[in-house]
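Reading through the structure tokens given below for one structure.
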Amino acid sequence: MAREPRERRTEERDSEFVDKLVHINRVAKVVKGGRRFGFAALVVVGDQKGRVGFGHGKAREVPEAIRKATDAAKRTLTRVPLREGRTLHHDVAGRHGAGKVYLRAAPPGTGIIAGGPMRAVFETLGMQDVVAKSIGTSNPYNVVRATFNALKRQDSPRSVAARRNVKVSALQARRRDGDAAEQAAD
């Protein structure tokens with residue numbers, strides 16, 4: 001059985017990813033003959049099935065900066081647990097520097113209610129329903145990093161049950177009992 005060429009395998013693997021350009025920054029260096037421009041790109045890459053990553057690339061030309069950022073993003077992919085494959089399991093906050101974000105789980109049909117850089121992360125992640133708010137800085141680098149910080153804090157019932165050495169059904173039963181006791185107290 002002959003193996004397929006390496007190029008074709010990497011092409012197939014790359015085609016499963018969706019990438020979104022979040023921000024391009026142009027910087028100028030003044031030299032004797034005039035100005036030399038450089039470009040920095042921020043790209044978010046995901047498979048729309050729960051894996052997402054972001055990357056930053058710098059180069060003298062825009063396409064090269066985007067390519068570098070995309071490669072960096074593919075190296076930093078992280079898996080995010082999604083409830084029913086469409087939303088978060090629980091509300092979560094994240095921060096990076098002066099960037100703070102709040103992410104809330106949403107019922108079906110809500111859509112992605114989020115601003116620029118966060119929207120790109122959620123679309124490439126494959127999330128369909130989420131309500132998000134960015135507070136503090138609007139710097140796209142810090143907003144994306146704060147969003148990833150929040151997503152890394154996301155826990156699925158399966159991972160919580162594994163940590164506590166109980167079954168998921170026992171965990172859900174315990175939650176229902178707690179909700180019933182809380183309502184009785186009200």
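Chains: A, B, ... in order of the structure tokens. Residues: from 1 per chain. Ligands: from 1, in order shown.
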- Task: Using backbone DSSP assignments, extract all strand (DSSP E) residues from chain A; output them as a PyMOL selection string.
- Result: chain A and resi 18-31+34-46+51-59+78-79+92-96+99-105+112-113+130-136
Please tabulate, as a tab-separated table, the residues of segment 139-180 of chain A that come within 12 Å of segment 55-61 of chain A, each with its closest pair of atoms and the distance in Å to one decimal, counting only C-alpha atoms and ordering rows by chain, then residue number upward.
residue	atom	partner	partner_atom	distance
A:Pro140	CA	A:His56	CA	11.3
A:Tyr141	CA	A:His56	CA	8.8
A:Val144	CA	A:Gly55	CA	10.1
A:Arg145	CA	A:Gly55	CA	10.3
A:Phe148	CA	A:Gly55	CA	11.8
- Find, counting only C-alpha atoms, the residue in A:Pro157, A:Gly34, A:Val22, A:Lys68 that gets nearest to Arg175 of chain A. A:Pro157
- Using only C-alpha atoms, which of A:Asp177, A:Asp19, A:Asp71, A:Glu64 sits nearest Val52 of chain A? A:Asp19
- Query: Could you name the residues that touch Thr137 of chain A at 12 Å or less, counting only C-alpha atoms, but leaving out those on the same chain fewer than 5 positions away, as a ChimeraX atom specification?
  - Reply: /A:95-101,117,142-146
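Minimum atom-to-atom distance to Val62 of chain A, evaluated using only C-alpha atoms, belongs to A:Ile24 out of A:Ile24, A:Leu77, A:Val31, A:Val92.
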- as a ChimeraX atom specification, please: all residues of segment 24-67 of chain A that backbone DSSP puts in helix (DSSP H, G or I). /A:62-67
- Best match for closeness to Arg83 of chain A among A:Asn25, A:Ser134, A:Gln128, A:Thr147, counting only C-alpha atoms: A:Gln128
